[in-house]
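S.K.: Sharing a structure here in structure tokens format.
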Amino acid sequence: MITATQEVAQASVWIPGLIIFLGVLGVIIPIIPGLIIALIGVLIWAFDLGSTAGWIVFGLCVAIYAAGLTLQFLIPGKRMKAAGIETLTLLLGMLLGIVGFFALPVVGGPLGFVLGIYLIEMGQSRDRELAWRQTKVALRGVLHSIGIELLAGLAIVTTWVIGVLVTR
């Protein structure tokens, strides 16, 4: 028989866990803000737990989030700059990706981004091969960025799960 106290204890783990899961899912589905949602889930858990261990876990998750965010922009950005892709080109590609997402839900975002980068590079260089090479470099950069964010999300989940196990 489960008592009311046990139900509350279970809810104090499952509700933040669901929020954290939605945050990590947001890395893959760009409608949800992503890692910040996962961090909010850990914050709710730490606040509810009210112990030093909970706040240490939250602090570790904030550090993982900050490291992931930093790496997410530094590594792919450096590679794209080295390949000669300008920041304005990426911003315009992202804008076309957003327009594409609303014009053709789900697949329109990536298609709009790729098409946008290609058209901008084609307009600048007038060389189809160069434009396609630059588009592939930009696409790889975006995929690396998503991969870094996903790894940070999984590290946050792992840290939180260890925190839950240690504090039980």
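By convention here, the chains of the structure tokens are called A, B, ... in the order presented, each chain's residues are numbered starting at 1, and ligands are numbered starting at 1 in the order presented.
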Could the residues of range 78-158 of chain A that have an atom at most 8 Å from range 31-55 of chain A be listed as a tab-separated table, each with its closest atom pair and the distance in Å to one decimal, counting only C-alpha atoms and ordered by chain and ascending residue number?

M.R.:
```
residue	atom	partner	partner_atom	distance
A:Glu149	CA	A:Leu35	CA	7.7
A:Gly153	CA	A:Leu35	CA	6.1
A:Ile156	CA	A:Ala38	CA	7.7
```

S.K.: Would you mind exporting C-alpha atoms of the selected residues as a JSON list (two decimals), in the first residue's frame?

M.R.:
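What landed in out-v8.json:
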```json
[["chain", "number", "residue", "atom", "x", "y", "z"],
["A", 149, "GLU", "CA", 23.72, 20.42, -27.08],
["A", 153, "GLY", "CA", 21.48, 17.47, -22.17],
["A", 156, "ILE", "CA", 22.48, 16.95, -17.25]]
```

S.K.: Record the distance separating CA of Ile162 in chain A and CA of Phe73 in chain A, expressed in Å with one decimal.

M.R.: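 Calculated distance between CA of Ile162 in chain A and CA of Phe73 in chain A is 27.9 Å.
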
S.K.: Considering only C-alpha atoms, state which residue in the set A:Thr167, A:Thr159, A:Thr89, A:Gln134 is at the smallest distance from Val57 in chain A.

M.R.: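 Of A:Thr167, A:Thr159, A:Thr89, A:Gln134, the one nearest Val57 in chain A is A:Thr159, counting only C-alpha atoms.
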
S.K.: If you count only C-alpha atoms, which residues fall within 9 Å of Gly68 in chain A, apart from same-chain ones fewer than 3 positions away, as JSON, numbers by chain?

M.R.: {"A": [63, 64, 65, 71, 72, 73, 148, 149, 150, 151, 152, 153]}

S.K.: Using only C-alpha atoms, which of the listed residues (A:Met80, A:Ala138, A:Ile56, A:Ala103) sits closest to Gly116 in chain A?

M.R.: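 Residue with the minimum atom-to-atom distance to Gly116 in chain A: A:Ala138.
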
S.K.: Restricting the calculation to only C-alpha atoms: of A:Leu90, A:Leu165, A:Ile98, A:Ala155, which residue gets closest to Val62 in chain A?

M.R.: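 Checking each of A:Leu90, A:Leu165, A:Ile98, A:Ala155 against Val62 in chain A, counting only C-alpha atoms, the winner is A:Ala155.
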
S.K.: Calculated over only C-alpha atoms, which of the candidates A:Ile29, A:Trp14, A:Glu129, A:Ile20 has the smallest distance to Phe101 in chain A?

M.R.: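 Of A:Ile29, A:Trp14, A:Glu129, A:Ile20, the one nearest Phe101 in chain A, counting only C-alpha atoms, is A:Ile29.
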
S.K.: Excluding Leu119 in chain A and residues on its chain fewer than 4 positions from it, collect all residues at most 8 Å away from it, counting only C-alpha atoms, and give them as number ranges by chain.

M.R.: A: 115, 123, 131

S.K.: May I have the selected residues written with N, CA, C and O atoms, as an mmCIF file, in the first residue's frame?

M.R.:
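out_12.cif, freshly written:
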```cif
data_model
loop_
_atom_site.group_PDB
_atom_site.id
_atom_site.type_symbol
_atom_site.label_atom_id
_atom_site.label_comp_id
_atom_site.auth_asym_id
_atom_site.auth_seq_id
_atom_site.Cartn_x
_atom_site.Cartn_y
_atom_site.Cartn_z
ATOM 1 N N LEU A 115 18.522 25.564 -48.123
ATOM 2 C CA LEU A 115 18.251 26.333 -49.340
ATOM 3 C C LEU A 115 18.728 27.778 -49.175
ATOM 4 O O LEU A 115 19.308 28.360 -50.107
ATOM 5 N N GLY A 123 24.641 33.401 -54.655
ATOM 6 C CA GLY A 123 24.575 34.813 -55.024
ATOM 7 C C GLY A 123 25.908 35.527 -54.838
ATOM 8 O O GLY A 123 26.248 36.418 -55.605
ATOM 9 N N ALA A 131 29.182 26.999 -53.713
ATOM 10 C CA ALA A 131 27.984 27.246 -52.895
ATOM 11 C C ALA A 131 27.531 25.962 -52.208
ATOM 12 O O ALA A 131 27.171 25.980 -51.029
#
```
